[in-house]
$ cat coords_4.csv   # CSV, C-alpha atoms
chain,number,residue,atom,x,y,z
A,388,THR,CA,22.4,-40.5,80.1
A,389,THR,CA,25.0,-43.2,80.5
A,390,THR,CA,25.8,-42.0,84.1
A,391,GLN,CA,22.1,-41.9,85.0
A,392,SER,CA,21.7,-45.4,83.6
A,393,CYS,CA,24.5,-46.7,85.8
A,394,VAL,CA,23.0,-45.1,88.9
A,395,LEU,CA,19.6,-46.7,88.2
A,396,ASN,CA,21.2,-50.1,87.7
A,397,HIS,CA,23.1,-49.8,91.0
A,398,THR,CA,20.0,-48.7,92.9
A,399,HIS,CA,18.0,-51.5,91.4
A,400,THR,CA,20.4,-54.1,92.8
A,401,THR,CA,20.7,-52.7,96.3
A,402,MET,CA,17.2,-51.3,97.1
A,403,PRO,CA,14.6,-53.4,98.9
A,404,PHE,CA,12.0,-55.0,96.7
A,405,GLY,CA,9.2,-52.6,97.5
A,406,GLN,CA,11.3,-49.6,96.6
A,407,ARG,CA,12.5,-51.3,93.4
A,408,HIS,CA,8.9,-52.0,92.5
A,409,ARG,CA,7.9,-48.3,93.0
A,410,LEU,CA,10.9,-47.2,90.9
A,411,VAL,CA,9.9,-49.6,88.0
A,412,SER,CA,6.3,-48.4,88.3
A,413,ALA,CA,7.4,-44.8,88.0
A,414,LYS,CA,9.5,-45.7,85.0
A,415,ASN,CA,6.5,-47.4,83.4
A,416,ILE,CA,4.3,-44.4,84.1
A,417,ALA,CA,6.9,-42.0,82.6
A,418,ALA,CA,7.1,-44.2,79.5
A,419,ILE,CA,3.3,-44.3,79.1
A,420,LEU,CA,3.2,-40.5,79.5
A,421,ALA,CA,6.0,-40.1,76.9
A,422,LEU,CA,4.1,-42.4,74.5
A,423,CYS,CA,0.9,-40.3,75.0
A,424,CYS,CA,2.9,-37.2,74.2
A,425,VAL,CA,4.2,-38.7,71.0
A,426,LEU,CA,0.7,-39.8,70.0
A,427,LEU,CA,-0.8,-36.3,70.7
A,428,LEU,CA,2.0,-34.7,68.8
A,429,PHE,CA,1.6,-37.2,65.9
A,430,VAL,CA,-2.1,-36.2,65.6
A,431,GLY,CA,-1.1,-32.6,65.5
A,432,VAL,CA,1.5,-33.1,62.9
A,433,SER,CA,-0.9,-35.2,60.8
A,434,ASN,CA,-3.5,-32.5,60.9
A,435,ILE,CA,-1.0,-30.0,59.7
A,436,GLY,CA,0.1,-32.5,57.1
A,437,ARG,CA,-3.4,-32.9,55.7
A,438,GLN,CA,-3.6,-29.2,55.3
A,439,HIS,CA,-0.2,-29.0,53.5
A,440,LEU,CA,-0.8,-32.0,51.3
A,441,GLY,CA,-3.6,-30.0,49.6
A,442,SER,CA,-1.1,-27.3,48.6
A,443,PRO,CA,0.3,-27.6,45.1
A,444,THR,CA,3.1,-25.0,45.5
A,445,VAL,CA,6.7,-25.7,46.2
A,446,ARG,CA,6.8,-22.5,48.3
A,447,ARG,CA,4.5,-24.0,51.0
A,448,THR,CA,6.5,-27.2,50.9
A,449,ALA,CA,9.7,-25.4,51.5
A,450,SER,CA,8.1,-23.3,54.3
A,451,TYR,CA,6.8,-26.4,56.0
A,452,GLN,CA,10.3,-28.1,55.7
A,453,ALA,CA,11.8,-25.0,57.3
A,454,HIS,CA,9.2,-25.1,60.1
A,455,THR,CA,9.7,-28.8,60.9
A,456,SER,CA,13.5,-28.4,60.7
A,457,SER,CA,13.5,-25.5,63.2
A,458,SER,CA,11.1,-27.4,65.4
A,459,CYS,CA,13.4,-30.5,65.5
A,460,ASP,CA,16.4,-28.3,66.3
A,461,ALA,CA,14.5,-26.7,69.1
A,462,ILE,CA,13.6,-30.1,70.5
A,463,ARG,CA,17.2,-31.3,70.3
A,464,ARG,CA,18.4,-28.1,72.0
A,465,ARG,CA,15.8,-28.2,74.8
A,466,SER,CA,16.8,-29.9,78.0
A,467,VAL,CA,14.4,-32.8,78.5
A,468,PRO,CA,14.2,-35.6,81.0
A,469,PRO,CA,15.9,-38.9,80.0
A,470,MET,CA,12.6,-40.8,79.5
A,471,LEU,CA,11.4,-38.1,77.1
A,472,GLY,CA,14.5,-38.3,75.0
A,473,LEU,CA,13.1,-41.1,72.9
A,474,ALA,CA,9.9,-39.2,72.4
A,475,ALA,CA,11.8,-36.1,71.2
A,476,LEU,CA,13.8,-38.3,68.9
A,477,SER,CA,10.7,-40.0,67.5
A,478,LEU,CA,9.1,-36.7,66.9
A,479,SER,CA,12.2,-35.4,65.1
A,480,GLN,CA,12.2,-38.5,62.9
A,481,LEU,CA,8.5,-38.2,62.3
A,482,ASP,CA,8.8,-34.5,61.3
A,483,ARG,CA,11.7,-35.3,58.9
A,484,SER,CA,9.9,-38.3,57.3
A,485,PHE,CA,6.8,-36.2,56.9
A,486,ALA,CA,8.7,-33.4,55.3
A,487,ASP,CA,10.2,-35.9,52.9
A,488,GLU,CA,6.8,-37.2,52.1
A,489,ILE,CA,5.6,-33.7,51.3
A,490,SER,CA,8.7,-33.2,49.1
A,491,ALA,CA,7.9,-36.3,47.2
A,492,GLN,CA,4.3,-35.0,46.8
A,493,SER,CA,5.6,-31.8,45.3
A,494,ILE,CA,7.7,-33.7,42.9
A,495,ILE,CA,4.7,-35.6,41.4
A,496,SER,CA,2.3,-32.7,42.0
A,497,PRO,CA,2.3,-31.5,38.4
A,498,LEU,CA,0.6,-34.7,37.4
A,499,ALA,CA,-1.8,-34.4,40.3
A,500,ARG,CA,-2.5,-30.8,39.2
A,501,ALA,CA,-3.8,-31.8,35.8
A,502,PRO,CA,-6.7,-29.5,34.8
A,503,LYS,CA,-10.1,-30.4,36.1
A,504,ASN,CA,-12.1,-27.7,34.2
A,505,VAL,CA,-10.7,-25.7,31.3
A,506,PHE,CA,-11.9,-22.3,30.1
A,507,ILE,CA,-11.1,-21.4,26.5
A,508,ALA,CA,-11.1,-17.7,25.7
A,509,GLY,CA,-11.9,-16.9,22.1
A,510,ALA,CA,-13.6,-20.3,21.5
A,511,THR,CA,-15.3,-19.4,18.2
A,512,GLY,CA,-12.2,-18.0,16.5
A,513,ASN,CA,-10.4,-19.9,13.8
A,514,THR,CA,-7.9,-21.3,16.2
A,515,GLY,CA,-10.2,-21.2,19.3
A,516,ARG,CA,-12.8,-23.5,17.7
A,517,ARG,CA,-10.1,-26.0,16.8
A,518,THR,CA,-8.8,-25.8,20.4
A,519,VAL,CA,-12.2,-26.7,21.9
A,520,GLU,CA,-12.6,-29.6,19.5
A,521,TYR,CA,-9.2,-31.0,20.1
A,522,LEU,CA,-9.5,-30.7,23.8
A,523,HIS,CA,-12.9,-32.5,23.6
A,524,ARG,CA,-11.3,-35.4,21.6
A,525,ARG,CA,-8.1,-35.7,23.5
A,526,TYR,CA,-9.4,-35.4,27.0
A,527,PRO,CA,-13.1,-36.3,26.8
A,528,SER,CA,-13.6,-36.5,30.6
A,529,ILE,CA,-12.4,-32.9,31.2
A,530,PRO,CA,-15.3,-30.3,31.3
A,531,VAL,CA,-14.8,-27.4,29.0
A,532,ILE,CA,-16.1,-23.8,29.2
A,533,ALA,CA,-16.1,-22.2,25.8
A,534,GLY,CA,-15.9,-18.5,26.1
A,535,ALA,CA,-17.5,-16.8,23.1
A,536,ARG,CA,-18.5,-13.3,22.1
A,537,SER,CA,-21.5,-14.7,20.3
A,538,ILE,CA,-23.4,-17.7,21.8
A,539,GLU,CA,-25.3,-18.0,18.5
A,540,LYS,CA,-22.0,-18.4,16.6
A,541,ALA,CA,-20.9,-21.1,19.0
A,542,GLU,CA,-24.1,-22.9,18.5
A,543,LYS,CA,-23.8,-22.7,14.7
A,544,GLN,CA,-20.3,-24.2,15.0
A,545,GLY,CA,-21.7,-27.0,17.0
A,546,LEU,CA,-19.7,-26.3,20.1
A,547,SER,CA,-22.7,-26.5,22.4
A,548,ASN,CA,-23.5,-29.9,21.1
A,549,LEU,CA,-20.2,-31.4,22.3
A,550,GLU,CA,-20.7,-33.4,25.4
A,551,GLY,CA,-19.0,-31.8,28.4
A,552,VAL,CA,-18.7,-28.4,26.7
A,553,THR,CA,-20.6,-25.4,28.1
A,554,VAL,CA,-20.7,-22.2,26.1
A,555,ARG,CA,-20.6,-18.9,28.1
A,556,LYS,CA,-20.7,-15.3,27.0
A,557,PHE,CA,-17.2,-13.8,27.1
A,558,ASP,CA,-15.2,-10.9,25.6
A,559,VAL,CA,-11.9,-9.6,26.8
A,560,LEU,CA,-13.4,-6.1,26.5
A,561,MET,CA,-15.9,-7.0,29.3
A,562,SER,CA,-15.3,-5.7,32.8
A,563,LYS,CA,-13.0,-7.8,35.0
A,564,GLU,CA,-16.0,-8.7,37.2
A,565,LYS,CA,-17.9,-10.0,34.2
A,566,ILE,CA,-14.9,-12.0,33.1
A,567,VAL,CA,-14.6,-13.6,36.6
A,568,GLU,CA,-18.2,-14.7,36.3
A,569,ALA,CA,-17.5,-16.2,32.9
A,570,ILE,CA,-14.5,-18.3,34.0
A,571,SER,CA,-15.8,-19.3,37.4
A,572,GLY,CA,-15.4,-23.0,38.0
A,573,ALA,CA,-12.3,-23.3,35.8
A,574,ASP,CA,-8.9,-24.0,37.2
A,575,THR,CA,-7.1,-23.5,33.8
A,576,VAL,CA,-7.4,-20.8,31.2
A,577,VAL,CA,-6.4,-21.3,27.6
A,578,CYS,CA,-6.4,-17.9,25.9
A,579,VAL,CA,-6.7,-18.0,22.1
A,580,THR,CA,-7.8,-14.4,21.6
A,581,GLY,CA,-6.4,-11.9,19.2
A,582,PHE,CA,-7.6,-8.8,17.4
A,583,VAL,CA,-8.8,-9.2,13.9
A,584,PRO,CA,-7.6,-6.4,11.5
A,585,SER,CA,-10.5,-4.6,9.9
A,586,ASN,CA,-10.6,-0.8,9.8
A,587,PRO,CA,-7.0,0.4,9.0
A,588,LEU,CA,-7.6,3.6,11.0
A,589,ALA,CA,-8.6,1.7,14.1
A,590,MET,CA,-6.1,-1.2,14.1
A,591,LYS,CA,-3.7,0.3,16.7
A,592,LYS,CA,-6.6,1.0,19.1
A,593,ALA,CA,-8.0,-2.5,18.5
A,594,ALA,CA,-4.7,-4.3,19.0
A,595,HIS,CA,-4.1,-2.4,22.2
A,596,GLN,CA,-7.5,-3.1,23.6
A,597,VAL,CA,-7.5,-6.8,22.8
A,598,ASP,CA,-3.9,-8.1,22.8
A,599,ASN,CA,-2.7,-5.8,25.6
A,600,GLU,CA,-5.4,-4.5,27.9
A,601,GLY,CA,-7.8,-7.3,27.2
A,602,THR,CA,-5.3,-10.1,27.9
A,603,ILE,CA,-4.1,-8.4,31.1
A,604,ARG,CA,-7.7,-8.0,32.3
A,605,LEU,CA,-8.2,-11.8,31.7
A,606,ILE,CA,-5.1,-12.6,33.6
A,607,ASP,CA,-6.2,-10.5,36.6
A,608,ALA,CA,-9.7,-12.1,36.4
A,609,ALA,CA,-8.1,-15.6,36.3
A,610,LYS,CA,-6.1,-14.9,39.5
A,611,GLU,CA,-9.2,-13.6,41.2
A,612,ALA,CA,-11.2,-16.6,40.1
A,613,GLY,CA,-8.6,-19.0,41.6
A,614,VAL,CA,-7.2,-20.2,38.3
A,615,SER,CA,-3.8,-21.9,38.6
A,616,LYS,CA,-2.7,-22.4,35.0
A,617,PHE,CA,-2.8,-19.9,32.1
A,618,VAL,CA,-1.8,-20.7,28.5
A,619,LEU,CA,-1.4,-17.8,26.2
A,620,ILE,CA,-1.2,-17.7,22.4
A,621,SER,CA,1.3,-15.1,21.1
A,622,SER,CA,3.5,-15.0,18.0
A,623,ILE,CA,7.1,-15.6,16.9
A,624,LEU,CA,9.1,-12.3,16.7
A,625,THR,CA,7.1,-10.8,19.5
A,626,ASN,CA,10.4,-9.9,21.1
A,627,GLY,CA,11.9,-8.9,17.8
A,628,ARG,CA,13.0,-5.5,18.8
A,629,ALA,CA,15.2,-6.9,21.6
A,630,ILE,CA,16.8,-9.7,19.6
A,631,GLY,CA,17.9,-7.8,16.5
A,632,GLN,CA,14.9,-8.8,14.3
A,633,GLU,CA,13.3,-5.4,14.0
A,634,THR,CA,14.0,-5.3,10.3
A,635,ASN,CA,12.9,-8.9,9.7
A,636,PRO,CA,10.2,-8.9,7.1
A,637,GLY,CA,8.0,-11.0,9.3
A,638,PHE,CA,8.3,-8.6,12.2
A,639,VAL,CA,7.8,-5.5,9.9
A,640,ILE,CA,4.7,-6.9,8.2
A,641,THR,CA,3.0,-8.4,11.3
A,642,ASN,CA,3.7,-5.4,13.5
A,643,ALA,CA,2.3,-3.1,10.8
A,644,PHE,CA,-1.2,-4.3,11.9
A,645,GLY,CA,-1.6,-1.9,14.8
A,646,GLY,CA,1.8,-2.7,16.4
A,647,VAL,CA,0.3,-6.0,17.5
A,648,LEU,CA,3.6,-7.7,18.3
A,649,ASP,CA,4.5,-4.8,20.7
A,650,GLU,CA,1.1,-5.2,22.4
A,651,LYS,CA,1.5,-8.9,22.7
A,652,LEU,CA,4.9,-8.5,24.4
A,653,VAL,CA,3.4,-6.3,27.1
A,654,ALA,CA,0.8,-9.0,27.9
A,655,GLU,CA,3.5,-11.7,27.9
A,656,LYS,CA,5.6,-9.9,30.4
A,657,TYR,CA,2.5,-9.3,32.6
A,658,LEU,CA,1.7,-13.0,32.6
A,659,ARG,CA,5.2,-14.0,33.4
A,660,ALA,CA,5.2,-11.7,36.5
A,661,SER,CA,1.6,-12.6,37.5
A,662,GLY,CA,2.5,-15.6,39.8
A,663,LEU,CA,0.3,-17.9,37.7
A,664,ASP,CA,1.8,-21.1,36.3
A,665,TYR,CA,2.0,-20.1,32.6
A,666,THR,CA,2.9,-21.3,29.2
A,667,ILE,CA,3.3,-18.9,26.3
A,668,VAL,CA,2.9,-20.5,22.8
A,669,ARG,CA,4.4,-18.4,20.0
A,670,PRO,CA,3.4,-19.9,16.6
A,671,GLY,CA,4.6,-18.9,13.2
A,672,GLY,CA,2.3,-17.7,10.5
A,673,LEU,CA,-1.1,-19.3,10.8
A,674,LYS,CA,-2.5,-21.5,8.0
A,675,ASP,CA,-6.2,-22.6,7.8
A,676,SER,CA,-5.3,-25.7,5.8
A,677,ALA,CA,-4.9,-29.1,7.4
A,678,PRO,CA,-1.4,-29.9,8.8
A,679,THR,CA,1.1,-31.6,6.5
A,680,GLY,CA,4.0,-32.1,8.8
A,681,GLY,CA,5.1,-32.4,12.4
A,682,VAL,CA,6.0,-29.6,14.9
A,683,VAL,CA,9.3,-27.9,15.0
A,684,ALA,CA,9.7,-26.4,18.5
A,685,THR,CA,12.3,-24.1,20.0
A,686,VAL,CA,12.8,-22.0,23.1
A,687,GLU,CA,12.0,-18.3,23.0
A,688,ASP,CA,13.6,-15.9,20.6
A,689,LYS,CA,15.1,-18.6,18.3
A,690,THR,CA,12.5,-18.9,15.5
A,691,PHE,CA,12.3,-16.0,13.0
A,692,THR,CA,10.3,-17.4,10.1
A,693,GLY,CA,7.9,-20.2,9.3
A,694,GLU,CA,4.2,-21.2,9.2
A,695,ILE,CA,2.0,-23.7,11.0
A,696,SER,CA,-1.5,-25.1,10.7
A,697,ARG,CA,-4.0,-23.8,13.1
A,698,ASP,CA,-4.8,-27.4,14.0
A,699,ARG,CA,-1.3,-27.9,15.2
A,700,VAL,CA,-1.4,-24.7,17.2
A,701,ALA,CA,-4.6,-25.9,18.9
A,702,GLU,CA,-3.1,-29.2,19.8
A,703,VAL,CA,0.0,-27.6,21.3
A,704,MET,CA,-2.2,-25.1,23.3
A,705,VAL,CA,-4.1,-27.9,24.8
A,706,GLU,CA,-1.1,-30.0,25.6
A,707,ALA,CA,0.5,-27.0,27.3
A,708,ALA,CA,-2.3,-27.1,29.8
A,709,PHE,CA,-1.7,-30.8,30.7
A,710,ASP,CA,2.0,-31.4,30.3
A,711,PRO,CA,4.1,-30.7,33.4
A,712,ALA,CA,7.1,-29.9,31.2
A,713,ALA,CA,5.3,-26.9,29.9
A,714,SER,CA,5.2,-25.2,33.3
A,715,ASN,CA,6.4,-21.6,33.2
A,716,LYS,CA,7.8,-22.0,29.6
A,717,VAL,CA,7.8,-20.0,26.4
A,718,ILE,CA,7.8,-22.1,23.2
A,719,GLU,CA,8.0,-21.2,19.6
A,720,ILE,CA,6.5,-23.5,17.0
A,721,ILE,CA,6.3,-23.9,13.2
A,722,GLU,CA,5.4,-26.8,11.0
A,723,ASP,CA,7.7,-28.8,8.7
A,724,ASP,CA,7.0,-31.7,6.4
A,725,MET,CA,10.1,-33.5,7.5
A,726,ALA,CA,9.4,-33.1,11.3
A,727,SER,CA,8.1,-36.1,13.1
A,728,THR,CA,7.5,-34.8,16.7
A,729,PRO,CA,3.8,-35.1,17.6
A,730,SER,CA,2.1,-32.3,19.4
A,731,GLU,CA,1.6,-34.3,22.6
A,732,LYS,CA,5.4,-34.8,22.8
A,733,VAL,CA,6.5,-31.2,22.0
A,734,PHE,CA,7.1,-30.1,25.6
A,735,SER,CA,8.7,-33.2,27.0
A,736,THR,CA,11.0,-33.4,24.0
A,737,LEU,CA,12.1,-29.8,24.2
A,738,PHE,CA,12.3,-29.4,28.0
A,739,GLY,CA,12.6,-33.0,29.2
$ encode --input "coords_4.csv" --output "structure tokens"
Amino acid sequence: TTTQSCVLNHTHTTMPFGQRHRLVSAKNIAAILALCCVLLLFVGVSNIGRQHLGSPTVRRTASYQAHTSSSCDAIRRRSVPPMLGLAALSLSQLDRSFADEISAQSIISPLARAPKNVFIAGATGNTGRRTVEYLHRRYPSIPVIAGARSIEKAEKQGLSNLEGVTVRKFDVLMSKEKIVEAISGADTVVCVTGFVPSNPLAMKKAAHQVDNEGTIRLIDAAKEAGVSKFVLISSILTNGRAIGQETNPGFVITNAFGGVLDEKLVAEKYLRASGLDYTIVRPGGLKDSAPTGGVVATVEDKTFTGEISRDRVAEVMVEAAFDPAASNKVIEIIEDDMASTPSEKVFSTLFG
């Protein structure tokens, strides 16, 4: 480029005026053409960008960065006329700055991906009802779909009277197609289902149908319905066999109800491998009474005993859907009179 510049300067000082004028005009035309190329390419990149900005996943961001990086390398390797060198450089800088912009978008995207419509499975249960009510109080602008086996029960509980809450027929024992219909329109599922012990001779079958197969069916339906976030209630000691807690009284007693902890573990593993953004909440023993203390939270397989109010569990379940720090996390929670961590700070405190 330096040699070519020297030749052009020498020619400019020795050529007749008419030839110099033609050379300058040619240079201007080339510059204009180069600018047009840049503008056209900018429009193309912008259109691609608008498509990618709608993507919430880091995988697409990484894919786009790799694409733009390889494109820039190709431009740099390609032999181009001197006047188009600036255009290639500008495009390279544009691609890099745009990739950086998308990277920044992915960093803040958890906030941008806050739920817009939440489906609560098991909405009329003891914990499910509290979950609907807390979500309505805490995030009143967020529409809620309350999935209930009995519409009549939901109405008696007053759920259908809450502004922004829609009650729909739902049961994890329904077909996947029916579940997809029930959760349609939601981008987040909060699953607060669990089998209720009744007939001792049928507990194992019931635990398998509800906490294993039913949850898995709901996960599959959520994926098909386009749900992006799934919050699952489970229990401490779910993984007790693998962490040396098989003889823990809490494990023995709880799992005596149809092997429910073993069934929950199967559903947990399925959710973690589903590709959905998940949060698994493992509470201690559930109390119907009002909370008397704050939440004590640990990472998975660290809490082996303790109780917690259903109200606190409902609060943590809802916050799991909204807090970016809860993304792809398993948390174990109990309640303690000396604890001061509020439910809305549990995830940010534990995971930063």
$ atom_distance --input "coords_4.csv" --atom1 "atom CA of A:Ser537" --atom2 "atom CA of A:Leu588"
24.8 Å
$ residues_around --input "coords_4.csv" --residues "stretch 605-620 of chain A" --least-positions-apart "4" --cutoff "6 Å" --atoms "all atoms listed in the file" --output "PyMOL selection string"
chain A and resi 563+567+571+574-579+663-668
$ closest_residue --input "coords_4.csv" --among "A:Pro530, A:Gly515, A:Pro584, A:Gly662" --to "A:Asn715" --atoms "only C-alpha atoms"
A:Gly662
$ residues_near_point --input "coords_4.csv" --point "(-18.6, -20.8, 17.6)" --cutoff "7 Å" --atoms "only C-alpha atoms" --output "NGL selection string"
:A and (510-511 or 516 or 535 or 540-546)
$ atom_distance --input "coords_4.csv" --atom1 "atom CA of A:Lys716" --atom2 "atom CA of A:Arg659"
9.2 Å
$ closest_residue --input "coords_4.csv" --among "A:Ala643, A:Leu737, A:Leu658, A:Ala629" --to "A:Lys591" --atoms "only C-alpha atoms"
A:Ala643
$ atom_distance --input "coords_4.csv" --atom1 "atom CA of A:Asp723" --atom2 "atom CA of A:Thr514"
18.9 Å
$ closest_residue --input "coords_4.csv" --among "A:Phe638, A:Phe691, A:Phe506, A:Tyr657" --to "A:Val552" --atoms "all atoms listed in the file"
A:Phe506
$ residues_around --input "coords_4.csv" --residues "stretch 669-678 of chain A" --least-positions-apart "5" --cutoff "8 Å" --atoms "all atoms listed in the file" --output "number ranges by chain"
A: 513, 620-623, 692-700, 717-722
$ residues_around --input "coords_4.csv" --residues "A:Ala573" --least-positions-apart "3" --cutoff "6 Å" --atoms "only C-alpha atoms" --output "PyMOL selection string"
chain A and resi 504-506+570
$ write_last_selection --input "coords_4.csv" --atoms "C-alpha atoms" --output "mmCIF file, in the coordinates of the input"
data_model
loop_
_atom_site.group_PDB
_atom_site.id
_atom_site.type_symbol
_atom_site.label_atom_id
_atom_site.label_comp_id
_atom_site.auth_asym_id
_atom_site.auth_seq_id
_atom_site.Cartn_x
_atom_site.Cartn_y
_atom_site.Cartn_z
ATOM 1 C CA ASN A 504 -12.100 -27.700 34.200
ATOM 2 C CA VAL A 505 -10.700 -25.700 31.300
ATOM 3 C CA PHE A 506 -11.900 -22.300 30.100
ATOM 4 C CA ILE A 570 -14.500 -18.300 34.000
#
$ residues_around --input "coords_4.csv" --residues "A:Phe738" --least-positions-apart "4" --cutoff "8 Å" --atoms "all atoms listed in the file" --output "PDB file with C-alpha atoms, keeping the file's coordinate frame"
ATOM      1  CA  ALA A 712       7.100 -29.900  31.200  1.00  0.00           C
ATOM      2  CA  ALA A 713       5.300 -26.900  29.900  1.00  0.00           C
ATOM      3  CA  PHE A 734       7.100 -30.100  25.600  1.00  0.00           C
TER       4      PHE A 734
END
$ closest_residue --input "coords_4.csv" --among "A:Thr690, A:Gln596, A:Ser585, A:Thr728" --to "A:Leu560" --atoms "all atoms listed in the file"
A:Gln596
$ closest_residue --input "coords_4.csv" --among "A:Glu702, A:Asp710, A:Asp688, A:Glu539" --to "A:His523" --atoms "all atoms listed in the file"
A:Glu702
$ closest_residue --input "coords_4.csv" --among "A:Asp724, A:Thr518, A:Ser714, A:Ser528" --to "A:Thr679" --atoms "all atoms listed in the file"
A:Asp724
$ residues_near_point --input "coords_4.csv" --point "(-2.1, -5.2, 27.0)" --cutoff "6 Å" --atoms "all atoms listed in the file" --output "list in words"
His595, Asp598, Asn599, Glu600, Thr602, Ile603, Glu650, Val653 and Ala654 of chain A
$ write_last_selection --input "coords_4.csv" --atoms "C-alpha atoms" --output "PDB file, in the frame of the given file"
ATOM      1  CA  HIS A 595      -4.100  -2.400  22.200  1.00  0.00           C
ATOM      2  CA  ASP A 598      -3.900  -8.100  22.800  1.00  0.00           C
ATOM      3  CA  ASN A 599      -2.700  -5.800  25.600  1.00  0.00           C
ATOM      4  CA  GLU A 600      -5.400  -4.500  27.900  1.00  0.00           C
ATOM      5  CA  THR A 602      -5.300 -10.100  27.900  1.00  0.00           C
ATOM      6  CA  ILE A 603      -4.100  -8.400  31.100  1.00  0.00           C
ATOM      7  CA  GLU A 650       1.100  -5.200  22.400  1.00  0.00           C
ATOM      8  CA  VAL A 653       3.400  -6.300  27.100  1.00  0.00           C
ATOM      9  CA  ALA A 654       0.800  -9.000  27.900  1.00  0.00           C
TER      10      ALA A 654
END
$ build_atoms --input "coords_4.csv" --residues "stretch 710-724 of chain A" --atoms "N, CA and C atoms" --output "PDB file, in the frame of the given file"
ATOM      1  N   ASP A 710       0.695 -30.872  30.167  1.00  0.00           N
ATOM      2  CA  ASP A 710       2.000 -31.400  30.300  1.00  0.00           C
ATOM      3  C   ASP A 710       2.835 -30.672  31.346  1.00  0.00           C
ATOM      4  N   PRO A 711       3.311 -31.366  32.387  1.00  0.00           N
ATOM      5  CA  PRO A 711       4.100 -30.700  33.400  1.00  0.00           C
ATOM      6  C   PRO A 711       5.352 -30.023  32.898  1.00  0.00           C
ATOM      7  N   ALA A 712       5.889 -30.537  31.791  1.00  0.00           N
ATOM      8  CA  ALA A 712       7.100 -29.900  31.200  1.00  0.00           C
ATOM      9  C   ALA A 712       6.857 -28.560  30.651  1.00  0.00           C
ATOM     10  N   ALA A 713       5.593 -28.179  30.486  1.00  0.00           N
ATOM     11  CA  ALA A 713       5.300 -26.900  29.900  1.00  0.00           C
ATOM     12  C   ALA A 713       5.184 -25.781  30.992  1.00  0.00           C
ATOM     13  N   SER A 714       5.376 -26.145  32.236  1.00  0.00           N
ATOM     14  CA  SER A 714       5.200 -25.200  33.300  1.00  0.00           C
ATOM     15  C   SER A 714       6.198 -24.036  33.227  1.00  0.00           C
ATOM     16  N   ASN A 715       5.642 -22.813  33.203  1.00  0.00           N
ATOM     17  CA  ASN A 715       6.400 -21.600  33.200  1.00  0.00           C
ATOM     18  C   ASN A 715       7.440 -21.575  32.013  1.00  0.00           C
ATOM     19  N   LYS A 716       6.951 -21.935  30.829  1.00  0.00           N
ATOM     20  CA  LYS A 716       7.800 -22.000  29.600  1.00  0.00           C
ATOM     21  C   LYS A 716       7.243 -21.138  28.517  1.00  0.00           C
ATOM     22  N   VAL A 717       8.158 -20.682  27.661  1.00  0.00           N
ATOM     23  CA  VAL A 717       7.800 -20.000  26.400  1.00  0.00           C
ATOM     24  C   VAL A 717       8.310 -20.891  25.283  1.00  0.00           C
ATOM     25  N   ILE A 718       7.451 -21.188  24.317  1.00  0.00           N
ATOM     26  CA  ILE A 718       7.800 -22.100  23.200  1.00  0.00           C
ATOM     27  C   ILE A 718       7.432 -21.463  21.903  1.00  0.00           C
ATOM     28  N   GLU A 719       8.267 -21.660  20.906  1.00  0.00           N
ATOM     29  CA  GLU A 719       8.000 -21.200  19.600  1.00  0.00           C
ATOM     30  C   GLU A 719       7.828 -22.363  18.636  1.00  0.00           C
ATOM     31  N   ILE A 720       6.781 -22.346  17.797  1.00  0.00           N
ATOM     32  CA  ILE A 720       6.500 -23.500  17.000  1.00  0.00           C
ATOM     33  C   ILE A 720       6.177 -23.159  15.541  1.00  0.00           C
ATOM     34  N   ILE A 721       6.699 -23.967  14.647  1.00  0.00           N
ATOM     35  CA  ILE A 721       6.300 -23.900  13.200  1.00  0.00           C
ATOM     36  C   ILE A 721       6.131 -25.360  12.774  1.00  0.00           C
ATOM     37  N   GLU A 722       5.708 -25.504  11.542  1.00  0.00           N
ATOM     38  CA  GLU A 722       5.400 -26.800  11.000  1.00  0.00           C
ATOM     39  C   GLU A 722       6.414 -27.143   9.876  1.00  0.00           C
ATOM     40  N   ASP A 723       6.809 -28.406   9.779  1.00  0.00           N
ATOM     41  CA  ASP A 723       7.700 -28.800   8.700  1.00  0.00           C
ATOM     42  C   ASP A 723       7.348 -30.210   8.251  1.00  0.00           C
ATOM     43  N   ASP A 724       7.362 -30.395   6.932  1.00  0.00           N
ATOM     44  CA  ASP A 724       7.000 -31.700   6.400  1.00  0.00           C
ATOM     45  C   ASP A 724       7.916 -32.814   6.811  1.00  0.00           C
TER      46      ASP A 724
END
